[in-house]
Structure formats: C-alpha cells, structure tokens
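Q: Structure file final20.cif (mmCIF, C-alpha atoms) is given on the next line.
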```cif
data_run
loop_
_atom_site.label_atom_id
_atom_site.label_comp_id
_atom_site.auth_asym_id
_atom_site.auth_seq_id
_atom_site.Cartn_x
_atom_site.Cartn_y
_atom_site.Cartn_z
CA MET A 1 19.53 -4.47 77.75
CA ARG A 2 18.88 -4.91 77.42
CA ILE A 3 19.39 -5.42 74.90
CA THR A 4 20.75 -2.82 73.57
CA ARG A 5 19.75 -3.19 74.07
CA THR A 6 22.24 -1.18 70.35
CA GLY A 7 24.41 -2.91 72.13
CA ARG A 8 22.25 -3.81 73.29
CA ARG A 9 20.63 -4.77 76.47
CA GLY A 10 21.51 -3.06 75.15
CA ARG A 11 20.37 -3.91 78.77
CA ARG A 12 19.88 -2.50 77.19
CA ALA A 13 21.06 -2.38 74.15
CA ALA A 14 22.38 -3.86 74.82
CA ALA A 15 21.84 -2.86 75.86
CA LEU A 16 21.61 -1.65 71.18
CA THR A 17 19.25 -4.37 69.65
CA THR A 18 17.71 -7.51 71.08
CA THR A 19 15.05 -10.12 70.52
CA VAL A 20 11.37 -10.18 71.40
CA LEU A 21 10.66 -10.61 75.09
CA THR A 22 7.68 -12.95 75.00
CA ALA A 23 4.75 -13.60 72.74
CA SER A 24 2.55 -11.61 75.09
CA ALA A 25 4.72 -8.50 75.07
CA LEU A 26 2.98 -5.48 73.62
CA LEU A 27 4.47 -3.59 70.72
CA LEU A 28 5.18 0.09 71.21
CA THR A 29 2.57 1.59 68.90
CA GLY A 30 1.88 4.88 70.57
CA CYS A 31 -1.50 3.64 71.71
CA SER A 32 -2.03 6.76 73.79
CA SER A 33 -2.85 9.98 71.96
CA ASP A 34 -1.68 12.11 74.86
CA SER A 35 1.49 12.14 76.93
CA GLY A 36 1.42 9.60 79.70
CA SER A 37 -1.30 7.19 80.71
CA ASP A 38 -4.68 8.69 81.58
CA ALA A 39 -6.16 5.42 82.77
CA SER A 40 -7.80 6.12 86.12
CA ASP A 41 -11.17 5.77 87.76
CA SER A 42 -13.27 7.45 90.42
CA ASN A 43 -11.74 5.25 93.11
CA GLY A 44 -8.25 6.56 92.43
CA ASN A 45 -7.02 3.50 90.59
CA ILE A 46 -4.47 4.34 87.90
CA THR A 47 -2.57 2.52 85.17
CA LEU A 48 1.08 3.36 84.50
CA THR A 49 2.67 2.44 81.19
CA VAL A 50 6.32 1.48 80.85
CA ALA A 51 7.77 1.63 77.33
CA ASP A 52 11.01 -0.27 76.80
CA PHE A 53 12.88 -2.38 74.27
CA GLY A 54 14.47 -5.78 74.08
CA GLN A 55 14.66 -7.56 77.41
CA PHE A 56 14.58 -5.49 80.60
CA GLY A 57 13.54 -8.51 82.67
CA TYR A 58 10.59 -7.02 84.50
CA LYS A 59 8.11 -9.48 83.06
CA GLU A 60 10.41 -12.44 83.70
CA ALA A 61 10.93 -11.34 87.33
CA ASP A 62 7.18 -10.68 87.72
CA LEU A 63 7.95 -7.25 89.13
CA PHE A 64 4.88 -5.43 87.87
CA ALA A 65 2.55 -7.91 89.53
CA LYS A 66 4.56 -7.54 92.75
CA TYR A 67 4.31 -3.77 92.57
CA HIS A 68 0.53 -4.02 92.17
CA LYS A 69 0.35 -6.11 95.35
CA LEU A 70 2.28 -3.41 97.20
CA HIS A 71 0.20 -0.64 95.59
CA PRO A 72 -3.27 -2.09 94.86
CA LYS A 73 -4.48 1.12 93.22
CA ILE A 74 -1.67 1.05 90.62
CA THR A 75 -1.54 -1.31 87.64
CA VAL A 76 1.55 -1.32 85.47
CA LYS A 77 1.48 -2.24 81.78
CA GLU A 78 4.59 -2.81 79.69
CA GLU A 79 4.90 -1.82 76.03
CA THR A 80 7.93 -3.57 74.57
CA THR A 81 9.60 -3.06 71.19
CA ALA A 82 11.92 -5.86 70.09
CA ASN A 83 14.49 -3.67 68.37
CA GLU A 84 15.94 -0.55 69.99
CA GLN A 85 16.69 0.88 66.56
CA ASP A 86 12.93 0.94 65.94
CA TYR A 87 12.13 2.16 69.44
CA TYR A 88 14.38 5.20 69.62
CA PRO A 89 13.18 7.14 66.54
CA LYS A 90 9.63 6.71 67.79
CA LEU A 91 10.61 8.01 71.22
CA LEU A 92 12.18 11.11 69.65
CA GLN A 93 9.03 11.68 67.60
CA GLN A 94 6.88 11.40 70.70
CA LEU A 95 9.10 13.83 72.59
CA ASN A 96 9.02 16.32 69.75
CA THR A 97 5.23 16.15 69.32
CA GLY A 98 4.40 15.70 73.00
CA SER A 99 2.08 12.83 72.08
CA GLY A 100 2.09 9.11 72.72
CA LEU A 101 4.64 9.05 75.52
CA ALA A 102 4.47 6.37 78.18
CA ASP A 103 4.65 7.25 81.88
CA VAL A 104 8.10 5.63 82.03
CA THR A 105 10.43 5.33 79.06
CA GLY A 106 13.56 3.27 78.61
CA ILE A 107 16.69 4.90 77.16
CA GLU A 108 19.73 2.93 75.96
CA VAL A 109 23.18 4.05 77.05
CA GLY A 110 24.22 4.79 73.47
CA ARG A 111 21.40 7.35 73.27
CA ILE A 112 21.56 8.88 76.74
CA LYS A 113 24.04 11.64 75.88
CA GLU A 114 21.90 12.88 72.99
CA VAL A 115 18.76 12.81 75.14
CA VAL A 116 20.53 14.61 78.01
CA ASP A 117 21.85 17.31 75.66
CA THR A 118 18.68 17.90 73.64
CA GLN A 119 15.65 16.68 75.61
CA ALA A 120 16.50 17.00 79.32
CA ALA A 121 13.91 19.71 79.97
CA LYS A 122 11.15 17.25 79.04
CA PHE A 123 12.00 14.78 81.80
CA THR A 124 11.46 14.69 85.56
CA ASP A 125 14.53 15.29 87.73
CA LEU A 126 14.85 11.90 89.43
CA SER A 127 17.46 13.15 91.89
CA LYS A 128 14.49 14.55 93.84
CA THR A 129 13.15 11.03 94.30
CA ILE A 130 16.10 8.65 94.09
CA ASN A 131 19.45 8.53 95.87
CA VAL A 132 21.50 8.53 92.67
CA SER A 133 24.75 7.89 94.55
CA ASP A 134 23.53 4.30 94.94
CA TRP A 135 24.57 3.61 91.34
CA VAL A 136 28.09 3.08 90.06
CA SER A 137 29.38 6.65 89.77
CA TRP A 138 29.76 6.80 86.00
CA LYS A 139 26.17 5.64 85.54
CA GLU A 140 24.88 8.70 87.40
CA LYS A 141 27.08 11.06 85.35
CA GLN A 142 25.82 9.60 82.08
CA ALA A 143 22.25 10.70 82.89
CA THR A 144 23.06 14.09 84.45
CA ALA A 145 22.34 17.28 82.49
CA SER A 146 24.45 20.44 82.61
CA ASP A 147 22.12 21.99 85.20
CA GLY A 148 22.55 19.02 87.53
CA THR A 149 19.21 17.36 86.88
CA VAL A 150 19.24 13.58 86.54
CA ILE A 151 16.86 12.43 83.84
CA GLY A 152 17.38 8.67 83.99
CA ALA A 153 17.70 5.99 86.65
CA GLY A 154 20.27 3.30 85.88
CA THR A 155 18.83 -0.15 85.30
CA ASP A 156 21.75 -2.36 84.38
CA ILE A 157 25.34 -2.30 83.18
CA GLY A 158 27.17 -4.66 80.84
CA PRO A 159 30.42 -5.90 82.41
CA MET A 160 32.23 -8.06 79.88
CA SER A 161 32.95 -11.78 79.89
CA LEU A 162 33.52 -14.48 77.27
CA CYS A 163 30.77 -17.01 76.65
CA TYR A 164 32.01 -20.20 75.02
CA ARG A 165 30.90 -23.71 74.13
CA LYS A 166 32.82 -26.00 76.43
CA ASP A 167 32.03 -29.09 74.37
CA LEU A 168 33.20 -27.54 71.10
CA PHE A 169 36.45 -26.42 72.74
CA GLN A 170 37.03 -29.99 73.93
CA GLN A 171 36.38 -31.38 70.46
CA ALA A 172 38.84 -28.87 68.97
CA GLY A 173 41.53 -29.83 71.48
CA LEU A 174 41.43 -26.50 73.32
CA PRO A 175 41.38 -25.91 77.09
CA SER A 176 37.77 -25.94 78.25
CA ASP A 177 37.94 -25.18 81.97
CA ARG A 178 36.88 -21.56 82.52
CA ASP A 179 40.07 -20.65 84.38
CA ALA A 180 42.19 -22.21 81.65
CA VAL A 181 40.25 -20.36 78.97
CA ALA A 182 40.70 -17.08 80.85
CA LYS A 183 44.43 -17.76 81.06
CA ALA A 184 44.62 -18.48 77.32
CA VAL A 185 43.19 -15.03 76.47
CA ALA A 186 44.73 -13.11 79.37
CA GLY A 187 46.94 -11.08 77.03
CA GLY A 188 43.95 -9.47 75.34
CA TRP A 189 41.84 -9.79 72.22
CA GLU A 190 44.96 -10.57 70.19
CA ASP A 191 45.24 -13.77 72.24
CA TYR A 192 41.57 -14.40 71.57
CA LEU A 193 42.27 -14.44 67.82
CA LYS A 194 45.24 -16.76 68.34
CA LEU A 195 42.92 -19.11 70.20
CA GLY A 196 40.54 -18.83 67.27
CA GLU A 197 43.24 -19.93 64.85
CA GLN A 198 43.90 -22.96 67.03
CA TYR A 199 40.18 -23.71 67.08
CA LYS A 200 39.91 -23.45 63.31
CA LYS A 201 42.55 -26.18 62.79
CA LYS A 202 40.36 -28.83 64.45
CA ALA A 203 36.97 -27.13 64.46
CA PRO A 204 33.99 -29.47 64.51
CA SER A 205 32.34 -29.48 61.09
CA GLY A 206 30.02 -26.55 60.42
CA THR A 207 31.12 -24.50 63.41
CA TYR A 208 32.83 -21.13 63.68
CA PHE A 209 35.01 -19.70 66.42
CA MET A 210 33.02 -16.49 66.89
CA ASP A 211 29.59 -15.28 65.87
CA SER A 212 30.57 -11.83 64.67
CA ALA A 213 33.69 -9.73 64.28
CA SER A 214 31.57 -6.64 64.93
CA ALA A 215 30.69 -8.03 68.37
CA MET A 216 34.37 -8.45 69.16
CA TYR A 217 34.97 -4.91 67.89
CA ASN A 218 32.37 -3.51 70.28
CA ALA A 219 33.93 -5.43 73.17
CA VAL A 220 37.37 -4.00 72.38
CA VAL A 221 36.12 -0.41 72.17
CA SER A 222 34.07 -0.83 75.35
CA SER A 223 37.21 -1.39 77.40
CA SER A 224 38.45 2.15 76.74
CA ALA A 225 37.52 5.40 78.46
CA GLN A 226 37.96 7.28 75.17
CA GLN A 227 35.90 5.78 72.39
CA TYR A 228 34.14 7.95 69.80
CA TYR A 229 34.35 11.42 71.43
CA ASP A 230 36.86 13.27 73.56
CA ALA A 231 36.06 15.04 76.82
CA SER A 232 35.33 18.31 75.01
CA GLY A 233 32.61 16.67 72.92
CA LYS A 234 34.66 16.49 69.71
CA PRO A 235 34.18 13.36 67.56
CA ILE A 236 37.53 11.56 67.45
CA TYR A 237 36.48 8.13 66.21
CA LYS A 238 38.77 8.30 63.16
CA ASP A 239 41.84 8.64 65.39
CA SER A 240 40.65 6.83 68.51
CA PRO A 241 43.18 4.13 69.52
CA SER A 242 40.40 1.85 70.77
CA VAL A 243 38.48 2.17 67.49
CA GLN A 244 41.62 1.52 65.46
CA GLN A 245 42.49 -1.52 67.56
CA GLY A 246 38.97 -2.92 67.35
CA TRP A 247 38.76 -2.31 63.60
CA ASN A 248 42.12 -3.96 62.88
CA LEU A 249 41.25 -7.00 64.98
CA ALA A 250 37.87 -7.29 63.26
CA ALA A 251 39.51 -7.09 59.83
CA GLU A 252 41.98 -9.80 60.86
CA ALA A 253 39.18 -12.06 62.12
CA ALA A 254 37.28 -11.61 58.86
CA SER A 255 40.33 -12.27 56.66
CA LYS A 256 41.25 -15.42 58.60
CA LYS A 257 37.68 -16.74 58.44
CA LEU A 258 37.40 -17.03 62.21
CA THR A 259 33.88 -15.64 62.25
CA HIS A 260 30.44 -16.84 61.26
CA GLY A 261 29.84 -13.34 59.87
CA LEU A 262 26.43 -12.94 61.48
CA ALA A 263 25.13 -9.58 62.62
CA GLN A 264 23.89 -10.09 66.15
CA PHE A 265 20.17 -10.34 66.89
CA THR A 266 19.27 -11.11 63.27
CA ASP A 267 17.28 -14.21 62.35
CA ALA A 268 20.44 -15.83 60.98
CA TRP A 269 22.24 -15.19 64.27
CA THR A 270 19.49 -16.71 66.40
CA ALA A 271 19.31 -19.68 64.02
CA ALA A 272 23.06 -20.26 64.41
CA LEU A 273 22.74 -20.32 68.19
CA ARG A 274 19.82 -22.71 67.92
CA LYS A 275 21.82 -24.94 65.56
CA GLY A 276 24.89 -24.82 67.78
CA SER A 277 27.36 -23.57 65.18
CA VAL A 278 28.95 -20.78 67.28
CA ALA A 279 31.82 -21.51 69.68
CA THR A 280 32.29 -18.10 71.36
CA VAL A 281 30.43 -14.85 71.86
CA ALA A 282 31.78 -11.61 73.35
CA CYS A 283 29.52 -11.55 76.36
CA PRO A 284 28.38 -8.49 78.29
CA ALA A 285 26.22 -9.58 81.22
CA TRP A 286 22.93 -9.19 79.38
CA MET A 287 24.09 -11.44 76.52
CA ALA A 288 23.80 -14.58 78.63
CA GLY A 289 20.01 -14.27 78.51
CA GLN A 290 20.11 -13.94 74.74
CA ILE A 291 22.26 -17.03 74.34
CA SER A 292 20.24 -19.24 76.65
CA THR A 293 16.96 -18.13 75.12
CA ASN A 294 18.07 -18.70 71.54
CA SER A 295 20.24 -21.79 72.05
CA GLY A 296 17.50 -23.62 73.89
CA ASP A 297 17.49 -26.72 76.10
CA ALA A 298 19.65 -28.75 73.72
CA PHE A 299 22.76 -26.80 74.74
CA LYS A 300 22.10 -26.28 78.44
CA GLY A 301 25.30 -27.00 80.37
CA LYS A 302 27.41 -26.97 77.21
CA TRP A 303 27.96 -23.22 77.39
CA ASP A 304 30.29 -21.71 79.98
CA ILE A 305 31.53 -18.23 80.94
CA ALA A 306 35.11 -17.09 81.46
CA LYS A 307 36.72 -13.77 82.26
CA ALA A 308 36.96 -11.47 79.25
CA PRO A 309 40.23 -11.23 77.30
CA GLY A 310 42.81 -8.79 78.64
CA SER A 311 43.36 -7.06 81.95
CA THR A 312 41.21 -3.96 81.30
CA ALA A 313 37.57 -4.17 82.36
CA ALA A 314 34.90 -3.33 79.81
CA ASN A 315 31.28 -2.26 79.83
CA TRP A 316 29.04 -2.83 76.84
CA GLY A 317 25.47 -1.68 77.16
CA GLY A 318 23.12 -0.75 79.95
CA SER A 319 19.98 1.33 80.05
CA PHE A 320 17.98 3.91 82.00
CA LEU A 321 14.39 4.55 83.01
CA ALA A 322 13.12 8.10 82.59
CA VAL A 323 9.86 9.87 83.46
CA PRO A 324 8.47 12.46 81.01
CA LYS A 325 7.29 15.61 82.80
CA SER A 326 4.15 15.73 80.69
CA GLY A 327 2.80 12.47 82.08
CA LYS A 328 -0.45 12.65 84.02
CA HIS A 329 1.02 10.53 86.82
CA ALA A 330 4.64 11.68 86.88
CA LYS A 331 4.93 11.46 90.67
CA GLU A 332 3.68 7.87 90.77
CA ALA A 333 5.85 7.00 87.78
CA ALA A 334 8.95 8.33 89.55
CA GLU A 335 8.14 6.20 92.59
CA LEU A 336 7.80 3.16 90.34
CA VAL A 337 11.20 3.88 88.80
CA LYS A 338 12.71 4.23 92.28
CA TRP A 339 11.33 0.81 93.23
CA LEU A 340 12.37 -0.91 89.98
CA THR A 341 15.96 0.30 90.31
CA ALA A 342 16.34 -0.49 94.02
CA PRO A 343 18.88 -3.21 94.92
CA GLU A 344 16.30 -5.89 95.68
CA GLN A 345 14.47 -5.52 92.37
CA GLN A 346 17.68 -5.29 90.34
CA ALA A 347 18.78 -8.50 92.04
CA GLU A 348 15.50 -10.15 91.02
CA VAL A 349 16.02 -9.12 87.40
CA PHE A 350 19.59 -10.42 87.53
CA LYS A 351 18.29 -13.73 88.82
CA ALA A 352 15.64 -13.86 86.09
CA ILE A 353 17.67 -12.99 82.98
CA GLY A 354 21.26 -12.29 84.04
CA VAL A 355 21.47 -8.54 83.40
CA PHE A 356 23.82 -7.05 85.96
CA PRO A 357 22.68 -4.34 88.42
CA SER A 358 23.90 -0.77 88.22
CA ASN A 359 22.88 -0.26 91.86
CA LYS A 360 25.91 -0.99 94.05
CA GLY A 361 23.67 -2.01 96.91
CA ALA A 362 22.73 -5.15 95.01
CA TYR A 363 26.28 -6.50 94.81
CA ASP A 364 26.37 -7.84 98.35
CA LEU A 365 22.93 -9.40 98.23
CA PRO A 366 23.17 -13.21 98.25
CA GLY A 367 21.15 -13.43 95.03
CA VAL A 368 23.85 -11.46 93.23
CA LYS A 369 27.03 -12.19 95.15
CA ASN A 370 26.59 -15.97 95.05
CA ALA A 371 24.77 -16.18 91.73
CA THR A 372 25.50 -18.93 89.24
CA LEU A 373 23.98 -19.71 85.87
CA PRO A 374 22.94 -23.37 85.55
CA TYR A 375 22.61 -22.97 81.77
CA PHE A 376 26.29 -21.96 81.61
CA ASN A 377 27.67 -24.91 83.56
CA ASN A 378 26.92 -23.06 86.82
CA ALA A 379 29.34 -20.25 85.98
CA PRO A 380 29.80 -17.94 89.02
CA ILE A 381 28.49 -14.87 87.24
CA GLY A 382 27.96 -12.87 90.43
CA GLN A 383 31.67 -13.01 91.14
CA ILE A 384 32.77 -12.60 87.50
CA TYR A 385 30.63 -9.55 86.81
CA ALA A 386 31.10 -7.89 90.19
CA ASP A 387 34.88 -8.08 89.88
CA GLU A 388 34.64 -6.58 86.40
CA ALA A 389 32.22 -3.86 87.46
CA LYS A 390 34.60 -2.51 90.11
CA THR A 391 37.27 -1.52 87.56
CA ILE A 392 35.30 -0.45 84.48
CA PRO A 393 36.73 2.86 83.19
CA GLU A 394 34.45 5.88 83.01
CA ALA A 395 33.73 6.17 79.30
CA VAL A 396 33.32 9.51 77.53
CA LEU A 397 29.92 9.45 75.83
CA GLY A 398 28.84 11.41 72.77
CA PRO A 399 25.45 12.22 71.26
CA LYS A 400 25.90 9.90 68.27
CA ASP A 401 27.71 7.00 69.93
CA ALA A 402 25.06 4.50 68.87
CA THR A 403 24.99 5.73 65.28
CA ILE A 404 28.77 5.57 64.97
CA LYS A 405 28.92 2.11 66.49
CA ASP A 406 26.11 0.76 64.34
CA THR A 407 27.59 2.20 61.14
CA ILE A 408 31.04 0.76 61.81
CA SER A 409 29.49 -2.59 62.76
CA THR A 410 27.60 -2.68 59.46
CA GLN A 411 30.82 -2.25 57.52
CA ILE A 412 32.54 -4.95 59.57
CA ASN A 413 29.64 -7.22 58.64
CA ASN A 414 30.32 -6.33 54.99
CA MET A 415 33.95 -7.41 55.38
CA GLU A 416 32.75 -10.73 56.79
CA GLN A 417 29.82 -11.41 54.50
CA ARG A 418 30.78 -9.74 51.21
CA GLY A 419 34.53 -9.78 51.37
CA THR A 420 34.72 -5.97 51.29
CA LYS A 421 38.32 -4.81 51.59
CA PRO A 422 39.07 -3.15 54.95
CA ALA A 423 40.09 0.16 53.32
CA ASP A 424 36.87 0.30 51.31
CA ALA A 425 34.76 -0.65 54.34
CA TRP A 426 36.40 2.02 56.49
CA LYS A 427 35.87 4.66 53.77
CA ALA A 428 32.19 3.74 53.52
CA ALA A 429 31.78 3.84 57.30
CA THR A 430 33.44 7.23 57.79
CA GLU A 431 31.58 8.83 54.89
CA ALA A 432 28.25 7.64 56.27
CA ILE A 433 29.08 8.77 59.80
CA ASP A 434 30.28 12.21 58.66
CA LYS A 435 26.97 12.78 56.90
CA VAL A 436 25.18 12.27 60.21
CA ILE A 437 27.45 14.08 62.66
CA GLY A 438 28.65 16.83 60.28
#
```
Could you take the file, read its structure, and then write that structure out as structure tokens?
A:
Amino acid sequence: MRITRTGRRGRRAAALTTTVLTASALLLTGCSSDSGSDASDSNGNITLTVADFGQFGYKEADLFAKYHKLHPKITVKEETTANEQDYYPKLLQQLNTGSGLADVTGIEVGRIKEVVDTQAAKFTDLSKTINVSDWVSWKEKQATASDGTVIGAGTDIGPMSLCYRKDLFQQAGLPSDRDAVAKAVAGGWEDYLKLGEQYKKKAPSGTYFMDSASAMYNAVVSSSAQQYYDASGKPIYKDSPSVQQGWNLAAEAASKKLTHGLAQFTDAWTAALRKGSVATVACPAWMAGQISTNSGDAFKGKWDIAKAPGSTAANWGGSFLAVPKSGKHAKEAAELVKWLTAPEQQAEVFKAIGVFPSNKGAYDLPGVKNATLPYFNNAPIGQIYADEAKTIPEAVLGPKDATIKDTISTQINNMEQRGTKPADAWKAATEAIDKVIG
C-alpha cells in the first residue's frame, strides 16, 4: 500500500507513505459529522464511504463501479489521503471522538498492532463475515485481538524483489539479465553493496546506484521475524540483530556514496525517478506501481525486476480494511470488505497496480500466476512474488513499529543528506524513539 503505504503500500504503506492516487481522488477531510455514512433514501439506496491512503488500487481496477452493478442500491465513494502519516493521526482522532469515521477504513500494517491493542472494541468482528483462513496465516494473526475477534481484512502483502534499470546496468558494465542480477546479489544485501561499488566505478553521469539507504534498511529488517519487539511485547530495537545489520549496511552505503540520499515518496524522489537518475530500488510488490507511475513512459521497458538479495524472504508493507461498529451500515460495509478482499478482486487489483494479494486463493488464478509487468521488461512478477510469499517469516509486530521505523529512517536520511556521523544519528534516533515508547 499501499503505500504504506509507511512503508508503505504501505499497500499499504507501504504499505507507510505513498503518492496521490489520481487527480480525482478525494482528500480525507472528515466530511461526515457522524460515524459512518448516512447517505440513504426512501428507496433503500445507500452510499458507503471507504477511507484509505496512498494507492489501494480500487479506483484503477474499477472495483467500486463493478460492485454497484452487482448491488444497484449501493454506491461506494472513496476518500483517499496521499500520505499515511497524515491519515493515521486523523483516524485515531475520529476513533477517539466517534465522529467523522468512514464506513470502511484502511489500516497500514505498521499500525495494526496498536489499533488491535487499543481500539479493537470499536471495530466489527470480520471473522463473522469472512473466512479469514483464506489469507496467509500471519496476516490473520496480525489483525486478531486477544479475545479472538478479527478487526481487519488483509488487502495486500509486500513480498520483496529488486527493481533495477537494465539499461543503466548495461552502461555500467554490470550483468543486466534478471537471473544474472539475482545471482550477483544471492549472498545478501552485502553483495548488493558490492554490486553498488562496481556500478559506481562506471556509473552513467548523474546517476546513483540506489535511491535511499533507508529503503534498503527497511528491506533488510523486513526479512527477519524479530524486528523491533520480541514476542512478549518488549521493545528490543536497540539490540535487534536485523536492525543492527540494516543500520550498519545503511551507514556503509551512505559513507561510500552509493545512494541518491532521497527519502522515498518525497517530491525530490519522484523527480529523480522521472529524470531517470536511480539505478535500483528495494522493491516490495507495491513499489512497482510507484516506479512506473513516477518514471513515466520514457523509461518503460528499461526497468526490470529480479529476486531480492539473499535467501531469506521478506515482507515490507501491506494493509487491512476495517469496519467501525458505529457505522450506520456496518453490515453492508462488512459485505463490501468481504468482496474487495476475495481472490478475484485482489487479482484485479494486482493486475491494475501490482500490489500482491494476501488471499491465498488468488495465487493460482491465471491473472496472478502468469502475471507479467510490461513496464518492467515483462518481468514474471506472479512467479517472483508468489515464490517469495510462501516463505516469508511471521514477523513479531509491536504497537509503535511504524514510529520506530520512520524515526530510524529519518536519521539514515540525515547520514546521507547531511553527513551526520552514524553514532550521532543513532543517538538521535534512539532518544527520539524512547520519548515516544517510554
């Protein structure tokens, strides 16, 4: 998601910050003074509102119009916020005041633990409507409260790959075939940096090996089951092996000038993609849509997708759809969520923008299994992402995952952009995080 989505889809944010969907997308302004949509008439026609962030793909796949054809008395309107970091505080405010909530709300994976722990009672138990075992197992667990209620239906996940500019690799004298690229980084993200050093020696003028060291950091951490919290709920980010590995690799990339130093989803980042000055991007499934949208027609076919560095699968991003109990049409909203997250609709979204389904039933559908991306030199993304999805470790989530990740990413950006020493950047990150999590 998204993107985060803060990661985001981030998928959600990935699924957790992304760009504007389309010029016609509505901003989330709390246009309703009460919880849920009250738009209905004497003939039983109702309007359901869906509040989300970044790029969920429903507009691109024309799903709301299709749902209206199936249910003529129901019209669905989408309220989209470009940045998940703007969306989430507003959602919390709406939950706390009980005002302004949409009938269906999107929740990014980096926020789901906090919502499950603190707001679960305010959401409809979707296990009464949806067969939650249809999702990859860890997706269901992420949205399940201590009493067994399931407050969110999985939309997408973010299996990892490596997006790269085939033409720039050729100009730099590097292997450009996707299998050869995968082989070159098979040893892990350390190999990725070695490839970056080779690229730098003959890099085309004005180009950089990677967009952002913080993006690589997030990819490294996403391959581990233990990230920022342990299974007991204790924050362990200061001692987490995956965090330490990601941080050290990011510091190395910054010091060796292998990175453009651009925080993802900023104007400078989108401008760099449009200009064509980035050679590689750590690429969860939802990122392909971001790259193609921002790079434009000039670079169609010049991008390609290879298997992610290393042998351990990774997931970065992914989102959920939830139904507030206070909505005036909660039953109809739950049915809409069931339909949107069914295999056929998730396959349509995948076809439209490349975000990968969380519903296992979609994986064998021809539109997913045999999917390729023409923009990325017809990369077989159905095969690449499905293979990755099967072995993604079940990550331990914490209530402040997104905050920790964003804070560390900011300090990595400072190492890249301002030359901040790694020790000083780490001190600033941990002090800021400790103020938030106590």
Q: Nearest to A:Asn377: which of A:Ile305, A:Ala330, A:Ala268, A:Ala432 is it, counting only C-alpha atoms?
A: A:Ile305
Q: So the first atom is atom CA of A:Thr407 and the second is atom CA of A:Thr430; what is the distance between them in Å, to one decimal place?
A: 8.4 Å
Q: Pull out every residue that the PyMOL selection byres ((chain A and resi 142) around 12) matches in the shown coordinates and put them as a count of residues only.
A: 40
Q: Evaluate the PyMOL selection byres ((chain A and resi 437) around 10) and record the selected residues as a PyMOL selection string, following the chain and residue labels used in the document.
A: chain A and resi 235+399-400+403-404+432-436+438
Q: For A:Gly98, which of A:Lys325, A:Lys201, A:Lys69, A:Lys166 is the closest residue, counting all atoms listed in the file?
A: A:Lys325
Q: With all atoms listed in the file as the basis for distance, which of A:Pro175, A:Gly100, A:Gly296, A:Gly158 is at the shortest distance from A:Arg274?
A: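 Residue with the minimum atom-to-atom distance to A:Arg274: A:Gly296.
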Q: Per residue of stretch 137-204 of chain A within 12 Å of stretch 214-230 of chain A, which atom pair is closest and at what distance in Å (one decimal), using all atoms listed in the file, listed by chain and increasing number, as a Markdown table?
A:
```
| residue | atom | partner | partner_atom | distance |
| --- | --- | --- | --- | --- |
| A:Trp138 | CA | A:Ala225 | CA | 10.9 |
| A:Ile157 | CA | A:Ser222 | CA | 11.8 |
| A:Gly158 | CA | A:Ser222 | CA | 9.6 |
| A:Pro159 | CA | A:Ser222 | CA | 9.4 |
| A:Met160 | CA | A:Ala219 | CA | 7.4 |
| A:Ser161 | CA | A:Ala219 | CA | 9.3 |
| A:Leu162 | CA | A:Ala219 | CA | 9.9 |
| A:Cys163 | CA | A:Met216 | CA | 11.9 |
| A:Gly188 | CA | A:Val220 | CA | 9.1 |
| A:Trp189 | CA | A:Val220 | CA | 7.3 |
| A:Glu190 | CA | A:Val220 | CA | 10.3 |
| A:Tyr192 | CA | A:Met216 | CA | 9.6 |
| A:Leu193 | CA | A:Met216 | CA | 10.0 |
```
Q: Could you check how far atom CA of A:Ala298 sits from atom CA of A:Leu273, in Å to one decimal?
A: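 A separation of 10.5 Å between them.
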Q: As a check of understanding, name the residues that the PyMOL selection byres ((chain A and resi 411) around 12) selects in the supplied structure, as an MDAnalysis selection string.
A: chainID A and resid 212:214 217 247 250:251 254 261 263 404:410 412:433
Q: For A:Lys390, list every protein, DNA or RNA residue within 9 Å, evaluated using only C-alpha atoms, and leave out those in the same chain fewer than 4 positions away; present the list as a PyMOL selection string.
A: chain A and resi 136+313+385-386
Q: For the residues in that selection, give me C-alpha atoms as a tab-separated table (two decimals), in the coordinates of the input.
A:
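Produced file result-v4.tsv, reproduced below:
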```tsv
chain	number	residue	atom	x	y	z
A	136	VAL	CA	28.09	3.08	90.06
A	313	ALA	CA	37.57	-4.17	82.36
A	385	TYR	CA	30.63	-9.55	86.81
A	386	ALA	CA	31.10	-7.89	90.19
```
Q: Compare A:Ala402, A:Ala306, A:Leu168, A:Ala120 by their minimum atom-to-atom distance to A:Ala182, counting all atoms listed in the file, and give me the closest one.
A: A:Ala306
Q: May I ask for the distance between atom CA of A:Ala322 and atom CA of A:Gly106, given in Å to one decimal place?
A: 6.3 Å
